[in-house]
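Colleague: You'll find query29.txt just under this line, and it carries compact mmCIF, C-alpha atoms and all ligand atoms.
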# COMPACT_ATOMS: atom_id res chain seq x y z
CA MET A 1 -29.06 -10.63 134.33
CA ILE A 2 -26.89 -8.53 136.55
CA ASP A 3 -23.21 -9.16 136.75
CA THR A 4 -23.07 -9.03 140.52
CA ASP A 5 -19.49 -10.11 140.72
CA GLN A 6 -18.36 -7.11 138.80
CA ALA A 7 -20.53 -4.86 140.91
CA THR A 8 -19.04 -5.92 144.21
CA SER A 9 -15.73 -7.72 143.89
CA LYS A 10 -13.50 -4.66 143.88
CA VAL A 11 -15.20 -3.02 146.84
CA THR A 12 -13.64 -3.55 150.22
CA PRO A 13 -16.35 -2.96 152.78
CA LEU A 14 -15.31 -0.72 155.62
CA GLY A 15 -12.11 -0.08 153.75
CA ALA A 16 -9.95 2.89 154.51
CA ALA A 17 -10.59 4.38 151.07
CA ARG A 18 -13.64 6.62 151.13
CA ARG A 19 -15.58 6.27 147.96
CA LEU A 20 -17.38 9.45 147.11
CA SER A 21 -19.54 8.01 144.37
CA PRO A 22 -23.26 7.58 145.11
CA PRO A 23 -24.31 4.09 146.20
CA SER A 24 -24.69 1.52 143.49
CA PRO A 25 -28.30 1.15 142.37
CA HIS A 26 -27.39 -2.49 141.73
CA VAL A 27 -27.50 -3.40 145.38
CA ALA A 28 -31.30 -3.50 145.62
CA ALA A 29 -31.55 -5.22 142.24
CA ASP A 30 -29.00 -7.80 143.44
CA ALA A 31 -31.23 -8.81 146.34
CA ARG A 32 -34.16 -9.23 143.95
CA TYR A 33 -32.04 -11.20 141.48
CA TRP A 34 -30.93 -13.71 144.12
CA SER A 35 -34.48 -14.05 145.45
CA GLU A 36 -35.57 -14.99 141.94
CA GLN A 37 -32.86 -17.64 141.70
CA MET A 38 -34.03 -19.01 145.04
CA ALA A 39 -37.63 -19.10 143.85
CA ALA A 40 -36.51 -21.20 140.87
CA VAL A 41 -34.60 -23.54 143.17
CA ALA A 42 -37.60 -23.92 145.47
CA SER A 43 -40.21 -24.42 142.77
CA ARG A 44 -38.30 -26.40 140.10
CA ARG A 45 -35.19 -27.69 141.89
CA ASP A 46 -33.32 -25.55 139.36
CA ARG A 47 -29.70 -26.73 139.51
CA ASP A 48 -28.40 -23.98 137.25
CA GLY A 49 -29.97 -21.35 139.46
CA PHE A 50 -28.52 -23.04 142.52
CA MET A 51 -25.03 -23.19 141.02
CA ARG A 52 -25.24 -19.49 140.16
CA ILE A 53 -25.94 -18.89 143.84
CA TYR A 54 -23.06 -21.21 144.73
CA ASP A 55 -20.60 -19.54 142.37
CA HIS A 56 -21.34 -16.13 143.79
CA PHE A 57 -21.72 -16.87 147.50
CA ALA A 58 -19.52 -19.90 148.25
CA PRO A 59 -16.19 -18.03 147.82
CA ARG A 60 -17.53 -15.16 149.93
CA LEU A 61 -18.69 -17.49 152.69
CA GLN A 62 -15.26 -19.09 152.50
CA ARG A 63 -13.64 -15.67 153.04
CA TYR A 64 -15.99 -15.00 155.95
CA LEU A 65 -15.17 -18.30 157.68
CA LEU A 66 -11.42 -17.99 157.09
CA GLY A 67 -11.64 -14.56 158.74
CA LEU A 68 -13.16 -16.18 161.82
CA GLY A 69 -10.08 -18.37 162.06
CA VAL A 70 -11.58 -21.55 160.59
CA ALA A 71 -8.97 -23.70 158.82
CA GLN A 72 -9.20 -23.90 155.03
CA ALA A 73 -10.50 -27.49 154.84
CA SER A 74 -13.06 -27.07 157.64
CA ALA A 75 -14.22 -23.80 156.12
CA GLU A 76 -14.82 -25.54 152.79
CA GLU A 77 -16.84 -28.23 154.54
CA LEU A 78 -18.92 -25.61 156.33
CA VAL A 79 -19.49 -23.71 153.08
CA GLN A 80 -20.71 -26.89 151.42
CA GLU A 81 -22.94 -27.67 154.38
CA ALA A 82 -24.38 -24.15 154.28
CA MET A 83 -25.04 -24.37 150.55
CA LEU A 84 -26.61 -27.80 150.95
CA ARG A 85 -29.02 -26.31 153.48
CA VAL A 86 -29.96 -23.70 150.92
CA TRP A 87 -30.62 -26.47 148.39
CA ARG A 88 -32.64 -28.67 150.73
CA ARG A 89 -34.52 -25.94 152.53
CA ALA A 90 -35.11 -23.64 149.60
CA ASP A 91 -38.84 -23.75 150.34
CA LEU A 92 -38.19 -22.22 153.75
CA PHE A 93 -36.50 -19.19 152.23
CA ASP A 94 -38.87 -16.25 152.52
CA PRO A 95 -37.84 -13.23 150.45
CA ALA A 96 -40.42 -11.15 152.36
CA ARG A 97 -38.42 -11.80 155.51
CA ALA A 98 -34.78 -11.46 154.49
CA SER A 99 -32.49 -11.35 151.48
CA LEU A 100 -30.56 -14.43 150.41
CA ALA A 101 -27.31 -12.82 151.61
CA THR A 102 -28.85 -12.35 155.07
CA TRP A 103 -30.20 -15.91 155.12
CA LEU A 104 -26.87 -17.38 154.03
CA PHE A 105 -24.97 -15.28 156.55
CA ARG A 106 -27.24 -16.64 159.30
CA ILE A 107 -26.78 -20.23 158.16
CA ALA A 108 -22.98 -19.91 157.94
CA ARG A 109 -22.73 -18.10 161.29
CA ASN A 110 -24.91 -20.71 162.98
CA LEU A 111 -22.97 -23.62 161.45
CA TYR A 112 -19.76 -21.96 162.64
CA ILE A 113 -21.04 -21.68 166.21
CA ASP A 114 -22.55 -25.18 166.12
CA THR A 115 -19.57 -26.93 164.58
CA ILE A 116 -16.46 -24.96 165.46
CA ARG A 117 -17.53 -23.74 168.88
CA SER A 118 -19.47 -26.98 169.53
CA GLU A 119 -22.30 -25.13 171.19
CA PRO A 120 -24.80 -27.80 172.28
CA ASN A 121 -28.19 -27.52 170.58
CA TRP A 122 -27.26 -24.30 168.77
CA MET A 123 -28.78 -25.27 165.42
CA PRO A 124 -32.08 -26.62 166.80
CA VAL A 125 -32.50 -23.52 168.95
CA GLN A 126 -31.79 -21.28 165.96
CA ASP A 127 -34.23 -23.27 163.83
CA GLY A 128 -36.79 -22.79 166.57
CA LEU A 129 -36.19 -19.03 166.65
CA GLU A 130 -36.50 -18.84 162.88
CA TRP A 131 -39.74 -20.78 163.02
CA LEU A 132 -41.24 -18.34 165.54
CA ASP A 133 -41.36 -15.60 162.92
CA SER A 134 -42.04 -17.73 159.87
CA GLU A 135 -45.80 -17.70 160.63
CA ALA A 136 -45.98 -13.94 160.94
CA ALA A 137 -43.91 -13.46 157.81
CA SER A 138 -46.51 -15.18 155.66
CA ASP A 139 -48.81 -12.30 156.57
CA PRO A 140 -48.37 -9.84 153.68
CA ALA A 141 -48.69 -6.92 156.09
CA SER A 142 -45.35 -7.86 157.63
CA ASP A 143 -43.27 -7.84 154.48
CA ALA A 144 -40.30 -6.51 156.43
CA GLU A 145 -37.77 -6.99 153.66
CA ALA A 146 -39.74 -4.74 151.29
CA PHE A 147 -38.86 -1.82 153.57
CA VAL A 148 -35.16 -2.59 153.70
CA ASP A 149 -33.06 -0.24 151.64
CA HIS A 150 -29.99 -2.30 150.73
CA ALA A 151 -28.29 0.55 148.92
CA GLY A 152 -28.91 2.72 151.98
CA LEU A 153 -27.34 0.07 154.22
CA LYS A 154 -24.34 -0.18 151.93
CA GLN A 155 -23.92 3.58 151.94
CA ALA A 156 -24.25 3.71 155.73
CA ILE A 157 -21.51 1.06 156.00
CA ASP A 158 -19.25 3.05 153.69
CA GLU A 159 -19.85 6.25 155.63
CA LEU A 160 -19.24 4.94 159.15
CA PRO A 161 -16.62 6.98 161.00
CA ALA A 162 -13.30 5.12 160.95
CA ALA A 163 -13.35 4.28 164.67
CA GLN A 164 -16.85 2.78 164.49
CA ALA A 165 -16.06 0.95 161.23
CA ARG A 166 -13.12 -0.64 162.98
CA LEU A 167 -15.30 -2.00 165.81
CA ILE A 168 -17.85 -3.36 163.32
CA ARG A 169 -15.03 -4.97 161.36
CA MET A 170 -13.45 -6.53 164.46
CA SER A 171 -16.87 -7.93 165.40
CA TYR A 172 -18.04 -9.27 162.05
CA PHE A 173 -14.77 -10.17 160.34
CA GLU A 174 -12.85 -11.46 163.34
CA ALA A 175 -15.60 -12.43 165.81
CA LYS A 176 -13.91 -10.45 168.57
CA ALA A 177 -15.85 -10.11 171.81
CA HIS A 178 -16.38 -6.67 173.40
CA ARG A 179 -13.82 -7.44 176.03
CA GLU A 180 -11.19 -8.50 173.48
CA ILE A 181 -11.80 -5.34 171.48
CA ALA A 182 -11.51 -3.23 174.63
CA ALA A 183 -8.20 -4.88 175.53
CA GLU A 184 -6.79 -4.66 172.02
CA LEU A 185 -7.69 -1.00 171.51
CA ASN A 186 -7.13 -0.03 175.13
CA MET A 187 -10.66 1.33 175.40
CA PRO A 188 -13.09 1.11 178.32
CA LEU A 189 -15.60 -1.68 177.84
CA GLY A 190 -18.49 0.77 178.07
CA THR A 191 -17.02 2.85 175.24
CA VAL A 192 -16.72 -0.21 173.00
CA LYS A 193 -20.38 -0.98 173.60
CA SER A 194 -21.64 2.57 173.14
CA SER A 195 -19.62 2.98 169.91
CA LEU A 196 -20.99 -0.27 168.52
CA ARG A 197 -24.50 0.81 169.54
CA ARG A 198 -24.09 4.12 167.72
CA ALA A 199 -22.67 2.42 164.63
CA PHE A 200 -25.59 0.00 164.54
CA GLY A 201 -28.01 2.91 164.87
CA LYS A 202 -26.48 4.51 161.78
CA LEU A 203 -26.70 1.25 159.83
CA GLN A 204 -30.34 0.83 160.82
CA ALA A 205 -31.07 4.40 159.75
CA GLY A 206 -29.46 3.58 156.41
CA MET A 207 -31.63 0.49 156.01
CA ARG A 208 -34.78 2.52 156.67
CA ARG A 209 -33.75 5.57 154.65
CA THR A 210 -36.72 6.97 152.74
CA ARG A 211 -36.16 7.21 149.03
CA MET B 1 -44.92 -11.91 177.72
CA ARG B 2 -43.44 -8.70 176.37
CA PRO B 3 -40.14 -7.91 178.02
CA LEU B 4 -39.44 -4.28 178.88
CA HIS B 5 -35.67 -4.56 179.29
CA HIS B 6 -33.56 -5.83 176.41
CA PRO B 7 -29.93 -6.62 175.66
CA ASP B 8 -27.86 -3.68 174.46
CA GLU B 9 -27.77 -3.34 170.67
CA ALA B 10 -24.01 -3.84 170.93
CA THR B 11 -24.69 -7.22 172.50
CA LEU B 12 -27.05 -8.19 169.67
CA VAL B 13 -24.47 -7.07 167.10
CA SER B 14 -21.91 -9.27 168.81
CA TYR B 15 -24.39 -12.18 168.84
CA SER B 16 -25.02 -11.64 165.14
CA ALA B 17 -21.31 -11.61 164.45
CA GLY B 18 -20.76 -14.89 166.29
CA ALA B 19 -18.53 -12.90 168.64
CA LEU B 20 -20.51 -13.15 171.85
CA PRO B 21 -18.93 -15.49 174.42
CA THR B 22 -20.95 -18.66 174.95
CA ALA B 23 -22.37 -17.77 178.36
CA PHE B 24 -23.83 -14.55 176.96
CA ALA B 25 -25.02 -16.09 173.70
CA VAL B 26 -27.02 -18.72 175.60
CA LEU B 27 -28.80 -16.01 177.60
CA VAL B 28 -29.50 -13.91 174.53
CA SER B 29 -30.96 -16.97 172.76
CA ALA B 30 -33.29 -17.51 175.72
CA HIS B 31 -34.42 -13.87 175.56
CA LEU B 32 -34.86 -14.00 171.77
CA GLY B 33 -37.27 -16.89 172.25
CA ILE B 34 -39.73 -14.55 173.95
CA CYS B 35 -38.85 -11.17 172.48
CA ARG B 36 -39.98 -10.32 169.00
CA HIS B 37 -38.48 -6.84 169.29
CA CYS B 38 -35.00 -8.27 169.73
CA ARG B 39 -35.53 -10.83 166.97
CA GLU B 40 -36.23 -7.93 164.62
CA GLN B 41 -33.16 -6.07 165.89
CA LEU B 42 -31.09 -9.20 165.35
CA LEU B 43 -32.41 -9.51 161.82
CA ASP B 44 -31.12 -6.00 161.12
CA ALA B 45 -27.74 -6.98 162.54
CA ASP B 46 -27.78 -10.12 160.37
CA ARG B 47 -28.64 -7.94 157.36
CA THR B 48 -25.47 -6.02 158.13
CA GLY B 49 -23.53 -9.28 158.37
CA GLY B 50 -25.01 -10.48 155.09
CA MET B 51 -24.13 -7.25 153.32
CA LEU B 52 -20.57 -7.30 154.68
CA MET B 53 -20.16 -10.97 153.72
CA GLN B 54 -21.40 -10.33 150.20
CA GLN B 55 -19.12 -7.35 149.70
CA ARG B 56 -15.94 -9.13 150.66
CA GLU B 57 -13.33 -10.31 148.27
CA PRO B 58 -14.04 -13.94 147.31
CA ALA B 59 -11.63 -16.59 148.62
CA PRO B 60 -10.64 -19.35 146.22
CA LEU B 61 -12.10 -22.79 146.88
CA SER B 62 -10.02 -25.87 146.20
CA ALA B 63 -10.21 -27.56 142.81
CA GLY B 64 -13.06 -30.01 142.76
CA ALA B 65 -15.15 -28.19 145.37
CA ARG B 66 -17.72 -27.26 142.76
CA ASP B 67 -17.98 -30.83 141.47
CA ARG B 68 -18.35 -32.14 145.00
CA MET B 69 -21.17 -29.67 145.52
CA LEU B 70 -22.93 -30.78 142.35
CA ALA B 71 -22.55 -34.42 143.35
CA ARG B 72 -24.25 -33.78 146.68
CA LEU B 73 -27.35 -32.21 145.14
CA GLY B 74 -28.58 -35.68 144.28
CA GLU B 75 -28.45 -36.86 147.89
CA THR B 76 -31.89 -37.71 149.16
CA ARG B 77 -31.09 -37.71 152.86
CA PRO B 78 -33.85 -35.62 154.39
CA ASP B 79 -33.11 -32.90 156.88
CA PRO B 80 -33.68 -33.79 160.49
CA PRO B 81 -36.72 -31.93 161.79
CA PRO B 82 -36.03 -29.07 164.20
CA LEU B 83 -35.69 -30.52 167.68
CA HIS B 84 -36.78 -27.47 169.61
CA ARG B 85 -39.26 -24.79 169.00
CA VAL B 86 -38.08 -22.79 171.96
CA PRO B 87 -41.16 -23.22 174.16
CA VAL B 88 -39.74 -20.69 176.58
CA VAL B 89 -42.83 -20.14 178.68
CA ALA B 90 -45.06 -22.92 177.44
CA ASP B 91 -44.50 -24.96 180.58
CA PRO B 92 -43.86 -22.99 183.76
CA ASP B 93 -41.69 -25.78 185.15
CA CYS B 94 -39.43 -25.90 182.08
CA LEU B 95 -36.29 -23.86 181.63
CA PRO B 96 -35.91 -21.96 178.34
CA ALA B 97 -34.68 -24.39 175.70
CA PRO B 98 -31.26 -22.69 175.22
CA LEU B 99 -30.49 -23.14 178.95
CA GLN B 100 -31.48 -26.79 179.10
CA PRO B 101 -28.17 -28.29 177.86
CA TYR B 102 -26.45 -26.57 180.77
CA PHE B 103 -28.92 -26.93 183.63
CA GLY B 104 -31.41 -29.63 182.69
CA ALA B 105 -34.99 -29.36 181.56
CA THR B 106 -37.00 -28.46 184.64
CA TYR B 107 -36.78 -26.16 187.65
CA GLY B 108 -37.86 -29.04 189.86
CA ASP B 109 -34.70 -31.00 189.07
CA LEU B 110 -32.24 -28.16 189.73
CA ARG B 111 -29.66 -28.93 192.39
CA TRP B 112 -29.05 -25.62 194.10
CA ARG B 113 -26.04 -24.95 196.29
CA MET B 114 -26.28 -22.34 198.99
CA ILE B 115 -23.46 -19.82 198.75
CA ALA B 116 -24.83 -17.29 201.26
CA PRO B 117 -27.95 -17.03 203.41
CA GLY B 118 -30.88 -16.68 201.00
CA VAL B 119 -28.64 -17.06 197.96
CA HIS B 120 -28.30 -20.27 195.95
CA ARG B 121 -26.33 -20.85 192.80
CA ILE B 122 -25.63 -23.42 190.07
CA LEU B 123 -22.56 -22.98 187.91
CA ALA B 124 -22.73 -24.40 184.39
CA ASP B 125 -19.97 -26.85 183.50
CA GLY B 126 -17.92 -26.77 180.36
CA VAL B 127 -18.60 -23.20 179.28
CA THR B 128 -15.36 -21.81 177.91
CA GLY B 129 -16.58 -18.37 176.86
CA GLY B 130 -17.43 -16.58 180.10
CA THR B 131 -19.15 -17.92 183.21
CA LEU B 132 -22.77 -19.05 183.10
CA MET B 133 -24.84 -19.59 186.21
CA LEU B 134 -28.29 -19.69 187.72
CA LEU B 135 -28.92 -17.65 190.85
CA ARG B 136 -31.81 -17.93 193.26
CA ILE B 137 -32.16 -15.04 195.66
CA ALA B 138 -34.70 -15.02 198.47
CA PRO B 139 -37.57 -12.52 198.18
CA GLY B 140 -37.23 -9.02 199.61
CA ARG B 141 -33.45 -9.04 199.76
CA ARG B 142 -31.30 -6.01 199.15
CA VAL B 143 -28.09 -6.50 197.22
CA PRO B 144 -25.66 -3.73 198.19
CA MET B 145 -24.52 -1.14 195.66
CA HIS B 146 -22.00 -2.57 193.30
CA GLY B 147 -20.23 -1.71 190.10
CA HIS B 148 -19.03 -3.88 187.29
CA ALA B 149 -15.49 -4.60 186.23
CA ALA B 150 -16.82 -6.69 183.39
CA ASN B 151 -19.77 -7.34 181.15
CA GLU B 152 -22.66 -8.93 182.92
CA LEU B 153 -25.92 -10.11 181.44
CA THR B 154 -28.82 -11.20 183.63
CA LEU B 155 -32.08 -12.77 182.48
CA VAL B 156 -34.92 -12.99 185.00
CA LEU B 157 -36.63 -16.38 184.86
CA GLN B 158 -38.92 -16.26 187.90
CA GLY B 159 -39.75 -13.65 190.53
CA ALA B 160 -38.52 -10.09 190.05
CA TYR B 161 -36.18 -7.41 191.31
CA ASP B 162 -36.00 -3.63 191.23
CA ASP B 163 -33.08 -1.29 190.87
CA ALA B 164 -32.35 2.21 189.56
CA LEU B 165 -32.82 0.91 186.02
CA GLY B 166 -36.38 -0.24 186.72
CA HIS B 167 -38.44 -3.30 187.52
CA PHE B 168 -37.09 -6.57 186.11
CA ALA B 169 -39.65 -9.34 185.64
CA PRO B 170 -39.41 -12.73 183.87
CA GLY B 171 -38.02 -12.29 180.36
CA ASP B 172 -36.28 -9.01 181.17
CA VAL B 173 -32.56 -8.67 180.58
CA ALA B 174 -30.11 -6.42 182.40
CA ASP B 175 -27.06 -5.73 180.23
CA LEU B 176 -24.45 -4.05 182.39
CA ASP B 177 -20.89 -3.01 181.81
CA ASP B 178 -18.09 -1.34 183.72
CA GLU B 179 -19.75 2.07 183.82
CA ILE B 180 -22.87 1.04 185.67
CA GLU B 181 -23.51 0.79 189.40
CA HIS B 182 -26.74 -0.54 190.75
CA GLN B 183 -28.43 -1.86 193.85
CA PRO B 184 -31.01 -4.55 193.11
CA VAL B 185 -33.72 -5.47 195.62
CA THR B 186 -35.61 -8.69 195.00
CA ALA B 187 -39.40 -8.40 195.03
CA PRO B 188 -41.38 -9.85 197.93
CA GLY B 189 -43.26 -13.10 197.49
CA VAL B 190 -41.32 -15.69 195.54
CA PRO B 191 -37.55 -16.10 195.16
CA CYS B 192 -35.98 -14.42 192.17
CA ILE B 193 -34.37 -16.92 189.80
CA CYS B 194 -32.01 -15.44 187.22
CA ALA B 195 -29.63 -16.78 184.64
CA ALA B 196 -26.45 -14.72 184.60
CA ALA B 197 -23.39 -14.52 182.41
CA THR B 198 -20.18 -12.68 183.14
CA ASP B 199 -16.85 -12.36 181.41
CA ALA B 200 -14.96 -11.45 184.55
CA PRO B 201 -11.72 -13.44 184.67
CA LEU B 202 -12.13 -16.32 187.07
CA ARG B 203 -8.94 -15.50 188.95
CA PHE B 204 -10.68 -12.41 190.25
CA SER B 205 -13.66 -14.68 190.88
CA GLY B 206 -15.84 -12.11 189.16
CA ARG B 207 -17.90 -9.42 190.70
CA PHE B 208 -20.40 -12.01 191.83
CA ALA B 209 -18.04 -12.82 194.62
CA ARG B 210 -17.94 -9.15 195.59
CA LEU B 211 -21.67 -8.90 195.10
CA LEU B 212 -22.29 -11.72 197.47
CA GLN B 213 -19.71 -10.92 200.12
CA PRO B 214 -21.91 -8.32 201.81
CA LEU B 215 -24.80 -10.76 201.76
CA ILE B 216 -22.77 -13.19 203.78
CA ARG B 217 -22.54 -10.61 206.54
CA PHE B 218 -26.34 -10.20 206.76
ZN ZN C 1 -35.75 -8.04 173.79
Would you mind writing the file's structure down as structure tokens?
Ligand SMILES: [Zn+2]

Modeller:
Amino acid sequence: MIDTDQATSKVTPLGAARRLSPPSPHVAADARYWSEQMAAVASRRDRDGFMRIYDHFAPRLQRYLLGLGVAQASAEELVQEAMLRVWRRADLFDPARASLATWLFRIARNLYIDTIRSEPNWMPVQDGLEWLDSEAASDPASDAEAFVDHAGLKQAIDELPAAQARLIRMSYFEAKAHREIAAELNMPLGTVKSSLRRAFGKLQAGMRRTR
Amino acid sequence: MRPLHHPDEATLVSYSAGALPTAFAVLVSAHLGICRHCREQLLDADRTGGMLMQQREPAPLSAGARDRMLARLGETRPDPPPLHRVPVVADPDCLPAPLQPYFGATYGDLRWRMIAPGVHRILADGVTGGTLMLLRIAPGRRVPMHGHAANELTLVLQGAYDDALGHFAPGDVADLDDEIEHQPVTAPGVPCICAAATDAPLRFSGRFARLLQPLIRF
């Protein structure tokens, strides 16, 4: 078993400190490890496997939601709701489509928009969107996740130029809209968008890096 | 339907991050329902979000949170089934599912208000992030050259228009910011119905007001 906590807890993503070491080979193994835990949850209702997932991800989801400005108690409720979805819908998790971290991020983000922003019908619409691709994903030819290089993505995140890293951070960690970012950094709106576009291009290149 | 014009990647990143104002997010959801390309792009953005989430320093949960979690695993309450499967174009008289909470289910029941000759509009109520509206512009109408002081996202629902950026048919999205000027002309035949979102501050009444002022003089 991989000690994922040790592998990641001291790393601050998009941090100012540039780490020159090569990307951790654990990242890809991590994704596989969590997929295996999910398979055990789906097939055997494995509580131990589920609680391993909980112990690793719940405090990170909590950090994510606190960053979006959700109050401590509400964040904890959302985390529990997100984890409960993982438990109940484990059979819908498709490791050929996305990693568990990606799936959990989606669930937490959607619960945040549904609950905190009270967007009408947000969850049903998102469930519908997810369903659209669930058919195609069962086709082995479209095993999209197999072509995702997690270590490459991690490296691309670490290597983003500081200005682009800042825009990614303001988007993902603080849920700041383009216009808010433009105002805060005194940048033209178009520059905010083109910088984010370029940053995303680099991250996608990292995900599809050939090994 | 395979759209040719998509939201900017920066817009999808913002959607993924939960940072896109409501009016824009609703439009992007409607486009995602018919655009596999953008759903794949969004998945990449969500992969980024998942990686960033996983790499962050854990936040402590309150004492007892773990026990409460364990206690809930025994609950047998089944999940409600998904209510929508985003039948965006299944019924030509139905609006895309994400727009329905704001405008109702069908085109036939829309209550248009004329705001200029050949131009009708419906403003969505209760949208706090940005302004969300439907626009219906008569066929063959030229909209004078205009720029953008804000973000503006337009999704064509029926009919079509052309501008320097190309031909925009149902499902296509125009994602414009403050560096773009364009001059749309609606296609002949049927009116062009669009959903549009803007983050222009309301006190300036947005560029839609400016857009439509010349039309009033037609
Ligand atoms: Zn698209």

Colleague: Give me the residues within 6 Å of B:Cys192 as an MDAnalysis selection string, counting only C-alpha atoms and dropping any in the same chain fewer than 6 places off.

Modeller: chainID B and resid 136:137 158:160

Colleague: Could you state the separation of atom CA of B:Arg68 and atom CA of A:Ala58 in Å, given to one decimal place?

Modeller: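 Separation between atom CA of B:Arg68 and atom CA of A:Ala58: 12.7 Å.
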
Colleague: Counting all atoms listed in the file, what residues are within 6 Å of ligand ZN 1 (chain C), given as a count of residues only?

Modeller: 4

Colleague: Show which residues sit within 6 Å of stretch 93-110 of chain A, as a list of chain:residue names. Count only C-alpha atoms, and ignore same-chain residues fewer than 4 positions away.

Modeller: A:Ala31, A:Ala82, A:Asp114, A:Asp143, A:Ala144, A:Glu145, B:Asp46, B:Arg47, B:Gly50

Colleague: Rank nothing, just name the residue among A:Val125, A:Leu84, A:Leu185, A:Leu153 nearest to A:Ile113, using only C-alpha atoms.

Modeller: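 Residue with the minimum atom-to-atom distance to A:Ile113: A:Val125.
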
Colleague: Using Å and a single decimal, report how far atom CA of A:Met207 sits from atom CA of A:His150.

Modeller: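 Atom CA of A:Met207 lies 6.2 Å from atom CA of A:His150.
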
Colleague: To one decimal place in Å, what is the distance between atom CA of A:Phe50 and atom CA of A:Met83?

Modeller: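 So the answer is 8.9 Å.
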
Colleague: Select, from B:Gly74, B:Gly33, B:Gly18, B:Pro139, the residue with the minimum atom-to-atom distance to B:Pro3, counting only C-alpha atoms.

Modeller: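 Closest to B:Pro3 of all the choices is B:Gly33.
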
Colleague: Around (-13.3, -21.1, 155.0), as given in the file, which residues come within 12 Å? Count all atoms listed in the file and list them as a ChimeraX atom specification.

Modeller: /A:58-82,108-109,111-112,116 /B:58-62

Colleague: Could you turn the residues from that selection into a file that holds C-alpha atoms, as a tab-separated table (two decimals), in the frame of the given file?

Modeller:
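Final output, saved to out10.tsv:
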chain	number	residue	atom	x	y	z
A	58	ALA	CA	-19.52	-19.90	148.25
A	59	PRO	CA	-16.19	-18.03	147.82
A	60	ARG	CA	-17.53	-15.16	149.93
A	61	LEU	CA	-18.69	-17.49	152.69
A	62	GLN	CA	-15.26	-19.09	152.50
A	63	ARG	CA	-13.64	-15.67	153.04
A	64	TYR	CA	-15.99	-15.00	155.95
A	65	LEU	CA	-15.17	-18.30	157.68
A	66	LEU	CA	-11.42	-17.99	157.09
A	67	GLY	CA	-11.64	-14.56	158.74
A	68	LEU	CA	-13.16	-16.18	161.82
A	69	GLY	CA	-10.08	-18.37	162.06
A	70	VAL	CA	-11.58	-21.55	160.59
A	71	ALA	CA	-8.97	-23.70	158.82
A	72	GLN	CA	-9.20	-23.90	155.03
A	73	ALA	CA	-10.50	-27.49	154.84
A	74	SER	CA	-13.06	-27.07	157.64
A	75	ALA	CA	-14.22	-23.80	156.12
A	76	GLU	CA	-14.82	-25.54	152.79
A	77	GLU	CA	-16.84	-28.23	154.54
A	78	LEU	CA	-18.92	-25.61	156.33
A	79	VAL	CA	-19.49	-23.71	153.08
A	80	GLN	CA	-20.71	-26.89	151.42
A	81	GLU	CA	-22.94	-27.67	154.38
A	82	ALA	CA	-24.38	-24.15	154.28
A	108	ALA	CA	-22.98	-19.91	157.94
A	109	ARG	CA	-22.73	-18.10	161.29
A	111	LEU	CA	-22.97	-23.62	161.45
A	112	TYR	CA	-19.76	-21.96	162.64
A	116	ILE	CA	-16.46	-24.96	165.46
B	58	PRO	CA	-14.04	-13.94	147.31
B	59	ALA	CA	-11.63	-16.59	148.62
B	60	PRO	CA	-10.64	-19.35	146.22
B	61	LEU	CA	-12.10	-22.79	146.88
B	62	SER	CA	-10.02	-25.87	146.20

Colleague: Find the residue from A:Arg45, A:Lys193, A:Lys154, A:Arg179 that sits nearest to A:Gly206; use all atoms listed in the file when measuring.

Modeller: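 Smallest distance to A:Gly206 is found for A:Lys154.
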
Colleague: In file coordinates, which residues lie within 8 Å of (-25.8, -21.8, 185.7) using all atoms listed in the file, given as a PDB file with C-alpha atoms, in the coordinates of the input?

Modeller:
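Output below, filename result.pdb:
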ATOM      1  CA  TYR B 102     -26.450 -26.570 180.770  1.00  0.00           C
ATOM      2  CA  PHE B 103     -28.920 -26.930 183.630  1.00  0.00           C
ATOM      3  CA  ARG B 121     -26.330 -20.850 192.800  1.00  0.00           C
ATOM      4  CA  ILE B 122     -25.630 -23.420 190.070  1.00  0.00           C
ATOM      5  CA  LEU B 123     -22.560 -22.980 187.910  1.00  0.00           C
ATOM      6  CA  ALA B 124     -22.730 -24.400 184.390  1.00  0.00           C
ATOM      7  CA  LEU B 132     -22.770 -19.050 183.100  1.00  0.00           C
ATOM      8  CA  MET B 133     -24.840 -19.590 186.210  1.00  0.00           C
ATOM      9  CA  LEU B 134     -28.290 -19.690 187.720  1.00  0.00           C
ATOM     10  CA  LEU B 135     -28.920 -17.650 190.850  1.00  0.00           C
ATOM     11  CA  ALA B 195     -29.630 -16.780 184.640  1.00  0.00           C
ATOM     12  CA  ALA B 196     -26.450 -14.720 184.600  1.00  0.00           C
TER      13      ALA B 196
END

Colleague: When the cut-off is 7 Å and we count all atoms listed in the file, which residues of chain B are near chain A, given as a PyMOL selection string?

Modeller: chain B and resi 9-10+14+17-21+33+44+46-47+49-61+69+82-86+98+101+177-179

Colleague: How big is the axis-aligned box, and where does its centre sit, when it encloses all atoms of stretch 164-176 of chain A listed in the file and has 4 Å added on every side, reported in Å to one decimal as lines of an AutoDock Vina configuration file?

Modeller:
center_x = -15.4
center_y = -4.8
center_z = 164.5
size_x = 13.2
size_y = 23.2
size_z = 16.2

Colleague: So, counting all atoms listed in the file, which residue among B:Ala138, B:Leu70, B:Ala187, B:Ala174 is closest to B:Thr11?

Modeller: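 Smallest separation from B:Thr11 among the options: B:Ala174.
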